[in-house]
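Scroll down for the structure; my scribbles are underneath it.
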Amino acid sequence: MASLARALFSSLGHGRCTVRGMSYRHAMSTMVLAEYDFQGGGLAPASASVVTAAKQLPGPTTVLVIGSDEKAADAARQCCQLAGVDKVLLAKSSTVKAVAESFTDVLLKCIKAQGPFTHVLAPASTWGKSIIPRAAAVLDSAPVTDVIDIVDEKTFQRPIYAGNAITTVQIKPVKDTSIFLTVRPTSFDAAPLGDAACDVVDLAEEVIAVTAEEAGKADLVDRQGKVSDRPELGSARVVVSGGRALKSKENFHIIEALADELGAAVGASRAAALE
């Protein structure tokens with residue numbers, strides 16, 4: 001019974017999961033893949049929180065902004081004002097498409113040209129979680145998703161079982177291979193804005209240009225989104241959520257009114273969302 005209890009205790013996230021490989025000892029450095037509003041422009045608040053997470057790792061922090069228009073350049077200039085940022089790279093090219101496949105190709109090119117980076121971080125948003133696993137797979141690295149705490153440069157905590165338990169993951173990275181992380185923005189304070197502490201470095205077109213073969217992987221046909229004054233659900237500090245107790249979707253205005261008073265995001269249980 002004692003051994004069974006210990007096994008159960010470990011499975012609930014109080015143990016430690018280790019991904020083994022060859023250890024490395026070159027200088028630490030971190031890249032943050034910044035997310036911004038591709039339609040309206042402006043740096044996503046989640047990116048500032050990822051910078052705070054990156055500063056818990058040893059070495060300088062480099063922020064990478066990828067895009068095809070002036071919105072990317074504006075976001076890069078905003079990144080220069082974030083406390084703790086040592087360098088900002090702008091990968092701007094008309095060949096970049098606003099799809100995960102294109103962003104992944106450019107990210108890998110930048111890591112190769114500007115690296116090596118021991119860690120590559122992105123927000124744990126739909127956007128970040130569609131890019132980081134792809135890049136990690138190409139470089140034969142195991143990504144750690146939804147990180148809520150950084151214990152040290154190779155040990156991270158993330159929730160499991162729908163947040164009912166916390167597991168500690170330790171990575172023993174392969175030499176010259178980055179550790180890829182997606183970070184939950186609500187677990188880290190946003191890096192404060194200040195005076196620009198660095199300049200934007202424009203990467204050469206020949207370094208980041210997407211080839212015709214790469215561009216053929218996927219294309220953006222249409223983007224539909226609802227404009228709201230409320231904060232994004234993934235980065236909101238306060239969330240007001242409703243479920244079956246509201247009886248019907250017509251009663252959801254009660255939740256929305258309270259959210260507006262609190263400056264909160266609106267959520268819903270799975271049961272309510274499916275009805």
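Here's how to read the names in the structure tokens: chain A, B, ... by the order shown, residue numbers from 1 in each chain, ligand numbers from 1 in the order shown.
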
Env of Leu64 in chain A: 7 Å cut, atoms = only C-alpha atoms, seq-sep filter 3 positions within chain, self excluded. Answer as a ChimeraX atom specification. /A:31-34,88-90

Considering only strand (DSSP E or B) as DSSP defines it on the backbone, what residues of range 23-190 of chain A qualify? List them as a ChimeraX atom specification. /A:30-33,36,43,61-67,82,87-92,119-123,144-147,149-152,155-160,165-171,179-183

Spatial neighbours of Leu193 in chain A, 7 Å, only C-alpha atoms, chain gap at least 2 places, as a ChimeraX atom specification: /A:81-83,191

Excluding Ile132 in chain A and any residue of its chain fewer than 5 positions from it, enumerate the residues within 12 Å of it, using only C-alpha atoms, and give them as a VMD selection string. chain A and resid 31 to 34 100 to 101 103 to 105 107 to 108 119 to 127 137 to 139 141 to 146 178 to 183

Selected residues written out with N, CA, C and O atoms, as a tab-separated table (two decimals), in the first residue's frame:
chain	number	residue	atom	x	y	z
A	31	MET	N	15.30	33.73	-26.20
A	31	MET	CA	14.54	34.44	-27.22
A	31	MET	C	13.07	34.40	-26.84
A	31	MET	O	12.54	33.35	-26.47
A	32	VAL	N	12.40	35.55	-26.95
A	32	VAL	CA	10.96	35.65	-26.73
A	32	VAL	C	10.30	35.96	-28.07
A	32	VAL	O	10.63	36.95	-28.72
A	33	LEU	N	9.38	35.11	-28.48
A	33	LEU	CA	8.61	35.35	-29.70
A	33	LEU	C	7.40	36.21	-29.32
A	33	LEU	O	6.50	35.75	-28.61
A	34	ALA	N	7.39	37.44	-29.77
A	34	ALA	CA	6.36	38.40	-29.36
A	34	ALA	C	5.11	38.25	-30.22
A	34	ALA	O	5.18	38.09	-31.44
A	100	ALA	N	0.58	29.80	-38.92
A	100	ALA	CA	1.59	29.20	-38.04
A	100	ALA	C	2.75	28.61	-38.82
A	100	ALA	O	3.91	28.70	-38.39
A	101	GLU	N	2.47	28.00	-39.98
A	101	GLU	CA	3.54	27.38	-40.75
A	101	GLU	C	4.58	28.40	-41.20
A	101	GLU	O	5.79	28.16	-41.14
A	103	PHE	N	5.15	31.45	-39.82
A	103	PHE	CA	5.85	32.00	-38.65
A	103	PHE	C	6.89	31.01	-38.13
A	103	PHE	O	7.97	31.40	-37.69
A	104	THR	N	6.58	29.72	-38.17
A	104	THR	CA	7.53	28.71	-37.70
A	104	THR	C	8.78	28.70	-38.57
A	104	THR	O	9.90	28.63	-38.06
A	105	ASP	N	8.59	28.76	-39.89
A	105	ASP	CA	9.74	28.78	-40.80
A	105	ASP	C	10.66	29.97	-40.51
A	105	ASP	O	11.88	29.83	-40.46
A	107	LEU	N	10.82	31.74	-37.68
A	107	LEU	CA	11.41	31.57	-36.35
A	107	LEU	C	12.65	30.69	-36.40
A	107	LEU	O	13.69	31.02	-35.82
A	108	LEU	N	12.56	29.58	-37.11
A	108	LEU	CA	13.71	28.67	-37.22
A	108	LEU	C	14.88	29.33	-37.93
A	108	LEU	O	16.04	29.13	-37.55
A	119	HIS	N	16.93	29.02	-24.66
A	119	HIS	CA	15.49	28.96	-24.41
A	119	HIS	C	14.76	29.81	-25.43
A	119	HIS	O	15.23	30.89	-25.80
A	120	VAL	N	13.61	29.32	-25.88
A	120	VAL	CA	12.73	30.07	-26.77
A	120	VAL	C	11.34	30.06	-26.14
A	120	VAL	O	10.77	28.98	-25.92
A	121	LEU	N	10.80	31.25	-25.85
A	121	LEU	CA	9.53	31.37	-25.14
A	121	LEU	C	8.50	32.08	-26.01
A	121	LEU	O	8.84	32.95	-26.82
A	122	ALA	N	7.23	31.73	-25.80
A	122	ALA	CA	6.11	32.40	-26.45
A	122	ALA	C	4.91	32.33	-25.52
A	122	ALA	O	4.86	31.49	-24.62
A	123	PRO	N	3.93	33.21	-25.70
A	123	PRO	CA	2.72	33.13	-24.87
A	123	PRO	C	1.99	31.81	-25.09
A	123	PRO	O	2.00	31.28	-26.20
A	124	ALA	N	1.34	31.32	-24.04
A	124	ALA	CA	0.53	30.10	-24.15
A	124	ALA	C	-0.85	30.46	-24.68
A	124	ALA	O	-1.88	30.13	-24.09
A	125	SER	N	-0.87	31.16	-25.80
A	125	SER	CA	-2.11	31.53	-26.48
A	125	SER	C	-2.31	30.56	-27.64
A	125	SER	O	-1.43	29.73	-27.93
A	126	THR	N	-3.44	30.67	-28.30
A	126	THR	CA	-3.66	29.83	-29.48
A	126	THR	C	-2.55	30.04	-30.50
A	126	THR	O	-2.06	29.09	-31.12
A	127	TRP	N	-2.13	31.29	-30.64
A	127	TRP	CA	-1.06	31.64	-31.59
A	127	TRP	C	0.26	31.00	-31.17
A	127	TRP	O	0.92	30.33	-31.97
A	137	ALA	N	9.61	20.46	-32.74
A	137	ALA	CA	9.65	19.17	-33.44
A	137	ALA	C	10.73	19.16	-34.51
A	137	ALA	O	11.45	18.16	-34.68
A	138	VAL	N	10.87	20.27	-35.22
A	138	VAL	CA	11.89	20.35	-36.27
A	138	VAL	C	13.29	20.20	-35.68
A	138	VAL	O	14.18	19.55	-36.26
A	139	LEU	N	13.50	20.78	-34.49
A	139	LEU	CA	14.81	20.75	-33.85
A	139	LEU	C	14.96	19.58	-32.87
A	139	LEU	O	15.91	19.54	-32.09
A	141	SER	N	13.31	18.74	-30.18
A	141	SER	CA	13.25	19.16	-28.79
A	141	SER	C	11.84	18.95	-28.25
A	141	SER	O	10.87	19.04	-29.01
A	142	ALA	N	11.72	18.63	-26.98
A	142	ALA	CA	10.41	18.41	-26.36
A	142	ALA	C	9.94	19.72	-25.74
A	142	ALA	O	10.53	20.20	-24.78
A	143	PRO	N	8.85	20.34	-26.25
A	143	PRO	CA	8.39	21.60	-25.67
A	143	PRO	C	7.69	21.38	-24.33
A	143	PRO	O	7.11	20.33	-24.09
A	144	VAL	N	7.76	22.39	-23.47
A	144	VAL	CA	7.02	22.39	-22.20
A	144	VAL	C	5.96	23.47	-22.34
A	144	VAL	O	6.28	24.64	-22.55
A	145	THR	N	4.70	23.09	-22.23
A	145	THR	CA	3.61	24.02	-22.47
A	145	THR	C	2.96	24.49	-21.18
A	145	THR	O	3.04	23.83	-20.14
A	146	ASP	N	2.31	25.65	-21.25
A	146	ASP	CA	1.55	26.21	-20.14
A	146	ASP	C	2.38	26.35	-18.86
A	146	ASP	O	1.92	26.02	-17.76
A	178	SER	N	17.63	24.29	-28.42
A	178	SER	CA	16.89	25.18	-27.51
A	178	SER	C	15.83	24.42	-26.72
A	178	SER	O	15.31	23.39	-27.16
A	179	ILE	N	15.51	24.94	-25.54
A	179	ILE	CA	14.35	24.50	-24.77
A	179	ILE	C	13.18	25.40	-25.16
A	179	ILE	O	13.28	26.62	-25.04
A	180	PHE	N	12.10	24.81	-25.63
A	180	PHE	CA	10.94	25.58	-26.09
A	180	PHE	C	9.86	25.57	-25.02
A	180	PHE	O	9.47	24.51	-24.52
A	181	LEU	N	9.35	26.77	-24.69
A	181	LEU	CA	8.33	26.92	-23.65
A	181	LEU	C	7.20	27.80	-24.13
A	181	LEU	O	7.43	28.80	-24.82
A	182	THR	N	5.96	27.43	-23.76
A	182	THR	CA	4.86	28.39	-23.83
A	182	THR	C	4.51	28.77	-22.40
A	182	THR	O	4.46	27.91	-21.52
A	183	VAL	N	4.29	30.04	-22.17
A	183	VAL	CA	4.14	30.58	-20.82
A	183	VAL	C	2.73	31.13	-20.62
A	183	VAL	O	2.22	31.87	-21.47

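Atom pair CA of Gly234 in chain A / CA of Thr52 in chain A has a distance of 16.5 Å (rounded to one decimal).
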
Residues near Ala264 in chain A, cut-off 9 Å, only C-alpha atoms, skip fewer than 6 positions along chain, as a PDB file with all heavy atoms, in the first residue's frame:
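result27.pdb, written as the output of this step:
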ATOM      1  N   ARG A 230     -13.406  44.210 -23.715  1.00  0.00           N
ATOM      2  CA  ARG A 230     -12.996  43.398 -22.570  1.00  0.00           C
ATOM      3  C   ARG A 230     -11.596  42.817 -22.817  1.00  0.00           C
ATOM      4  O   ARG A 230     -11.186  42.617 -23.953  1.00  0.00           O
ATOM      5  CB  ARG A 230     -13.984  42.252 -22.340  1.00  0.00           C
ATOM      6  CG  ARG A 230     -15.402  42.713 -22.038  1.00  0.00           C
ATOM      7  CD  ARG A 230     -16.253  41.545 -21.573  1.00  0.00           C
ATOM      8  NE  ARG A 230     -17.650  41.957 -21.431  1.00  0.00           N
ATOM      9  CZ  ARG A 230     -18.605  41.681 -22.299  1.00  0.00           C
ATOM     10  NH1 ARG A 230     -18.319  40.977 -23.382  1.00  0.00           N
ATOM     11  NH2 ARG A 230     -19.839  42.094 -22.103  1.00  0.00           N
ATOM     12  N   PRO A 231     -10.861  42.511 -21.756  1.00  0.00           N
ATOM     13  CA  PRO A 231      -9.537  41.889 -21.927  1.00  0.00           C
ATOM     14  C   PRO A 231      -9.658  40.490 -22.508  1.00  0.00           C
ATOM     15  O   PRO A 231     -10.712  39.844 -22.403  1.00  0.00           O
ATOM     16  CB  PRO A 231      -8.980  41.851 -20.497  1.00  0.00           C
ATOM     17  CG  PRO A 231     -10.176  41.923 -19.611  1.00  0.00           C
ATOM     18  CD  PRO A 231     -11.186  42.752 -20.333  1.00  0.00           C
ATOM     19  N   GLU A 232      -8.579  40.006 -23.125  1.00  0.00           N
ATOM     20  CA  GLU A 232      -8.575  38.656 -23.683  1.00  0.00           C
ATOM     21  C   GLU A 232      -8.639  37.637 -22.560  1.00  0.00           C
ATOM     22  O   GLU A 232      -8.037  37.814 -21.497  1.00  0.00           O
ATOM     23  CB  GLU A 232      -7.313  38.433 -24.516  1.00  0.00           C
ATOM     24  CG  GLU A 232      -7.270  39.269 -25.782  1.00  0.00           C
ATOM     25  CD  GLU A 232      -6.061  38.926 -26.630  1.00  0.00           C
ATOM     26  OE1 GLU A 232      -5.352  37.953 -26.290  1.00  0.00           O
ATOM     27  OE2 GLU A 232      -5.818  39.629 -27.615  1.00  0.00           O
ATOM     28  N   LEU A 233      -9.361  36.570 -22.816  1.00  0.00           N
ATOM     29  CA  LEU A 233      -9.572  35.553 -21.795  1.00  0.00           C
ATOM     30  C   LEU A 233      -8.254  34.942 -21.318  1.00  0.00           C
ATOM     31  O   LEU A 233      -8.062  34.676 -20.134  1.00  0.00           O
ATOM     32  CB  LEU A 233     -10.496  34.461 -22.337  1.00  0.00           C
ATOM     33  CG  LEU A 233     -10.966  33.388 -21.347  1.00  0.00           C
ATOM     34  CD1 LEU A 233     -11.738  34.019 -20.203  1.00  0.00           C
ATOM     35  CD2 LEU A 233     -11.820  32.351 -22.058  1.00  0.00           C
ATOM     36  N   ALA A 236      -6.362  37.738 -19.094  1.00  0.00           N
ATOM     37  CA  ALA A 236      -7.117  38.546 -18.136  1.00  0.00           C
ATOM     38  C   ALA A 236      -6.787  38.166 -16.696  1.00  0.00           C
ATOM     39  O   ALA A 236      -6.631  36.986 -16.381  1.00  0.00           O
ATOM     40  CB  ALA A 236      -8.616  38.379 -18.379  1.00  0.00           C
ATOM     41  N   ARG A 237      -6.688  39.168 -15.835  1.00  0.00           N
ATOM     42  CA  ARG A 237      -6.435  38.928 -14.420  1.00  0.00           C
ATOM     43  C   ARG A 237      -7.713  38.508 -13.690  1.00  0.00           C
ATOM     44  O   ARG A 237      -7.662  37.822 -12.682  1.00  0.00           O
ATOM     45  CB  ARG A 237      -5.867  40.184 -13.770  1.00  0.00           C
ATOM     46  CG  ARG A 237      -4.461  40.531 -14.215  1.00  0.00           C
ATOM     47  CD  ARG A 237      -3.469  39.496 -13.729  1.00  0.00           C
ATOM     48  NE  ARG A 237      -2.122  39.769 -14.207  1.00  0.00           N
ATOM     49  CZ  ARG A 237      -1.091  38.977 -13.995  1.00  0.00           C
ATOM     50  NH1 ARG A 237      -1.250  37.860 -13.330  1.00  0.00           N
ATOM     51  NH2 ARG A 237       0.100  39.281 -14.455  1.00  0.00           N
ATOM     52  N   VAL A 238      -8.857  38.961 -14.199  1.00  0.00           N
ATOM     53  CA  VAL A 238     -10.150  38.614 -13.598  1.00  0.00           C
ATOM     54  C   VAL A 238     -11.041  38.040 -14.685  1.00  0.00           C
ATOM     55  O   VAL A 238     -11.140  38.607 -15.781  1.00  0.00           O
ATOM     56  CB  VAL A 238     -10.825  39.847 -12.956  1.00  0.00           C
ATOM     57  CG1 VAL A 238     -12.166  39.455 -12.353  1.00  0.00           C
ATOM     58  CG2 VAL A 238      -9.926  40.484 -11.909  1.00  0.00           C
ATOM     59  N   VAL A 239     -11.674  36.916 -14.393  1.00  0.00           N
ATOM     60  CA  VAL A 239     -12.594  36.272 -15.329  1.00  0.00           C
ATOM     61  C   VAL A 239     -13.911  36.003 -14.614  1.00  0.00           C
ATOM     62  O   VAL A 239     -13.927  35.443 -13.516  1.00  0.00           O
ATOM     63  CB  VAL A 239     -12.023  34.935 -15.869  1.00  0.00           C
ATOM     64  CG1 VAL A 239     -13.037  34.259 -16.782  1.00  0.00           C
ATOM     65  CG2 VAL A 239     -10.714  35.177 -16.606  1.00  0.00           C
ATOM     66  N   VAL A 240     -15.011  36.426 -15.220  1.00  0.00           N
ATOM     67  CA  VAL A 240     -16.347  36.113 -14.710  1.00  0.00           C
ATOM     68  C   VAL A 240     -16.924  35.029 -15.607  1.00  0.00           C
ATOM     69  O   VAL A 240     -17.062  35.229 -16.819  1.00  0.00           O
ATOM     70  CB  VAL A 240     -17.266  37.350 -14.701  1.00  0.00           C
ATOM     71  CG1 VAL A 240     -18.652  36.974 -14.167  1.00  0.00           C
ATOM     72  CG2 VAL A 240     -16.658  38.453 -13.851  1.00  0.00           C
ATOM     73  N   GLU A 256     -22.154  39.197 -18.291  1.00  0.00           N
ATOM     74  CA  GLU A 256     -21.485  40.234 -19.069  1.00  0.00           C
ATOM     75  C   GLU A 256     -21.527  41.585 -18.349  1.00  0.00           C
ATOM     76  O   GLU A 256     -20.544  42.332 -18.362  1.00  0.00           O
ATOM     77  CB  GLU A 256     -22.139  40.331 -20.446  1.00  0.00           C
ATOM     78  CG  GLU A 256     -21.911  39.088 -21.304  1.00  0.00           C
ATOM     79  CD  GLU A 256     -22.718  39.113 -22.578  1.00  0.00           C
ATOM     80  OE1 GLU A 256     -23.693  39.907 -22.640  1.00  0.00           O
ATOM     81  OE2 GLU A 256     -22.400  38.331 -23.497  1.00  0.00           O
ATOM     82  N   LEU A 258     -21.685  42.094 -15.089  1.00  0.00           N
ATOM     83  CA  LEU A 258     -20.752  42.038 -13.960  1.00  0.00           C
ATOM     84  C   LEU A 258     -19.303  42.143 -14.455  1.00  0.00           C
ATOM     85  O   LEU A 258     -18.484  42.845 -13.845  1.00  0.00           O
ATOM     86  CB  LEU A 258     -20.949  40.728 -13.188  1.00  0.00           C
ATOM     87  CG  LEU A 258     -19.999  40.495 -12.001  1.00  0.00           C
ATOM     88  CD1 LEU A 258     -20.110  41.621 -10.986  1.00  0.00           C
ATOM     89  CD2 LEU A 258     -20.292  39.143 -11.350  1.00  0.00           C
TER      90      LEU A 258
END

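Of note, CA of Arg244 in chain A and CA of Ala271 in chain A are spaced 6.7 Å apart.
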
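When the distance limit is 12 Å and only C-alpha atoms are what count, the residues near Glu70 in chain A, minus those fewer than 6 positions from it on the same chain, are Tyr36, Asp37, Phe38, Gln39, Gly40, Gly41, Gly42, Ala76, Arg77, Leu90, Ala91, Lys92, Ser93 and Ser94 of chain A.
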
Would you put the residues from that selection into a file with N, CA, C and O atoms, as a PDB file, in the first residue's frame?
ATOM      1  N   TYR A  36       1.471  40.089 -31.371  1.00  0.00           N
ATOM      2  CA  TYR A  36       0.842  41.406 -31.474  1.00  0.00           C
ATOM      3  C   TYR A  36      -0.481  41.260 -32.227  1.00  0.00           C
ATOM      4  O   TYR A  36      -0.805  40.192 -32.761  1.00  0.00           O
ATOM      5  N   ASP A  37      -1.252  42.328 -32.232  1.00  0.00           N
ATOM      6  CA  ASP A  37      -2.553  42.327 -32.897  1.00  0.00           C
ATOM      7  C   ASP A  37      -2.326  42.478 -34.399  1.00  0.00           C
ATOM      8  O   ASP A  37      -1.940  43.547 -34.872  1.00  0.00           O
ATOM      9  N   PHE A  38      -2.590  41.415 -35.151  1.00  0.00           N
ATOM     10  CA  PHE A  38      -2.300  41.432 -36.583  1.00  0.00           C
ATOM     11  C   PHE A  38      -3.299  42.276 -37.367  1.00  0.00           C
ATOM     12  O   PHE A  38      -3.041  42.629 -38.516  1.00  0.00           O
ATOM     13  N   GLN A  39      -4.446  42.589 -36.759  1.00  0.00           N
ATOM     14  CA  GLN A  39      -5.446  43.402 -37.456  1.00  0.00           C
ATOM     15  C   GLN A  39      -5.401  44.865 -37.019  1.00  0.00           C
ATOM     16  O   GLN A  39      -5.271  45.754 -37.841  1.00  0.00           O
ATOM     17  N   GLY A  40      -5.485  45.090 -35.716  1.00  0.00           N
ATOM     18  CA  GLY A  40      -5.520  46.461 -35.221  1.00  0.00           C
ATOM     19  C   GLY A  40      -4.165  47.035 -34.875  1.00  0.00           C
ATOM     20  O   GLY A  40      -4.014  48.249 -34.711  1.00  0.00           O
ATOM     21  N   GLY A  41      -3.148  46.164 -34.740  1.00  0.00           N
ATOM     22  CA  GLY A  41      -1.826  46.621 -34.354  1.00  0.00           C
ATOM     23  C   GLY A  41      -1.685  46.715 -32.847  1.00  0.00           C
ATOM     24  O   GLY A  41      -2.672  46.681 -32.106  1.00  0.00           O
ATOM     25  N   GLY A  42      -0.480  46.820 -32.370  1.00  0.00           N
ATOM     26  CA  GLY A  42      -0.214  46.937 -30.936  1.00  0.00           C
ATOM     27  C   GLY A  42       0.257  45.621 -30.344  1.00  0.00           C
ATOM     28  O   GLY A  42      -0.235  44.543 -30.702  1.00  0.00           O
ATOM     29  N   ALA A  76       7.559  45.984 -32.663  1.00  0.00           N
ATOM     30  CA  ALA A  76       8.978  45.870 -32.326  1.00  0.00           C
ATOM     31  C   ALA A  76       9.451  47.097 -31.543  1.00  0.00           C
ATOM     32  O   ALA A  76      10.214  46.982 -30.575  1.00  0.00           O
ATOM     33  N   ARG A  77       8.990  48.264 -31.944  1.00  0.00           N
ATOM     34  CA  ARG A  77       9.377  49.484 -31.223  1.00  0.00           C
ATOM     35  C   ARG A  77       8.802  49.487 -29.804  1.00  0.00           C
ATOM     36  O   ARG A  77       9.450  49.968 -28.866  1.00  0.00           O
ATOM     37  N   LEU A  90      13.598  42.386 -35.660  1.00  0.00           N
ATOM     38  CA  LEU A  90      12.404  42.516 -36.504  1.00  0.00           C
ATOM     39  C   LEU A  90      12.605  41.703 -37.773  1.00  0.00           C
ATOM     40  O   LEU A  90      13.473  42.005 -38.586  1.00  0.00           O
ATOM     41  N   ALA A  91      11.804  40.667 -37.914  1.00  0.00           N
ATOM     42  CA  ALA A  91      11.831  39.833 -39.115  1.00  0.00           C
ATOM     43  C   ALA A  91      10.630  40.234 -39.968  1.00  0.00           C
ATOM     44  O   ALA A  91       9.552  39.646 -39.879  1.00  0.00           O
ATOM     45  N   LYS A  92      10.811  41.258 -40.773  1.00  0.00           N
ATOM     46  CA  LYS A  92       9.726  41.805 -41.580  1.00  0.00           C
ATOM     47  C   LYS A  92       9.978  41.508 -43.049  1.00  0.00           C
ATOM     48  O   LYS A  92      11.012  41.883 -43.601  1.00  0.00           O
ATOM     49  N   SER A  93       9.025  40.815 -43.658  1.00  0.00           N
ATOM     50  CA  SER A  93       9.167  40.440 -45.065  1.00  0.00           C
ATOM     51  C   SER A  93       7.784  40.266 -45.678  1.00  0.00           C
ATOM     52  O   SER A  93       6.865  39.753 -45.035  1.00  0.00           O
ATOM     53  N   SER A  94       7.648  40.697 -46.916  1.00  0.00           N
ATOM     54  CA  SER A  94       6.372  40.542 -47.616  1.00  0.00           C
ATOM     55  C   SER A  94       6.052  39.079 -47.890  1.00  0.00           C
ATOM     56  O   SER A  94       4.914  38.742 -48.224  1.00  0.00           O
TER      57      SER A  94
END

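Of the residues listed (A:Glu153, A:Asp86, A:Glu35, A:Asp69), A:Asp86 shows the shortest atom-to-atom separation from Val200 in chain A; distances use only C-alpha atoms.
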
So that I can see what lies close to Arg158 in chain A, please list as a PDB file with N, CA, C and O atoms, in the first residue's frame the residues with an atom at most 7 Å from it, counting only C-alpha atoms and leaving out residues fewer than 5 positions away in the same chain.
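Final output, result_10.pdb:
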ATOM      1  N   ASP A 146       2.310  25.648 -21.255  1.00  0.00           N
ATOM      2  CA  ASP A 146       1.545  26.208 -20.135  1.00  0.00           C
ATOM      3  C   ASP A 146       2.384  26.350 -18.863  1.00  0.00           C
ATOM      4  O   ASP A 146       1.920  26.022 -17.763  1.00  0.00           O
ATOM      5  N   VAL A 147       3.590  26.842 -18.993  1.00  0.00           N
ATOM      6  CA  VAL A 147       4.478  27.018 -17.832  1.00  0.00           C
ATOM      7  C   VAL A 147       3.913  28.097 -16.915  1.00  0.00           C
ATOM      8  O   VAL A 147       3.569  29.196 -17.358  1.00  0.00           O
ATOM      9  N   ILE A 148       3.813  27.784 -15.630  1.00  0.00           N
ATOM     10  CA  ILE A 148       3.314  28.755 -14.645  1.00  0.00           C
ATOM     11  C   ILE A 148       4.393  29.171 -13.654  1.00  0.00           C
ATOM     12  O   ILE A 148       4.203  30.129 -12.897  1.00  0.00           O
ATOM     13  N   ILE A 166      -0.264  20.185 -10.048  1.00  0.00           N
ATOM     14  CA  ILE A 166       0.884  20.853 -10.656  1.00  0.00           C
ATOM     15  C   ILE A 166       2.013  19.842 -10.787  1.00  0.00           C
ATOM     16  O   ILE A 166       2.361  19.158  -9.817  1.00  0.00           O
ATOM     17  N   THR A 167       2.571  19.737 -11.984  1.00  0.00           N
ATOM     18  CA  THR A 167       3.695  18.826 -12.187  1.00  0.00           C
ATOM     19  C   THR A 167       4.971  19.633 -12.437  1.00  0.00           C
ATOM     20  O   THR A 167       4.935  20.734 -12.998  1.00  0.00           O
ATOM     21  N   THR A 168       6.086  19.096 -11.985  1.00  0.00           N
ATOM     22  CA  THR A 168       7.401  19.712 -12.202  1.00  0.00           C
ATOM     23  C   THR A 168       8.124  18.939 -13.291  1.00  0.00           C
ATOM     24  O   THR A 168       8.294  17.724 -13.188  1.00  0.00           O
TER      25      THR A 168
END

Please, which residues of range 6-122 of chain A, numbered as in this document, come out helix (DSSP H, G or I) from DSSP, as a ChimeraX atom specification? /A:6-14,45-54,70-79,100-114

Restricting to only C-alpha atoms, whichever of A:Ser49, A:Thr62, A:Ser29, A:Gln56 is closest to Cys198 in chain A is A:Thr62
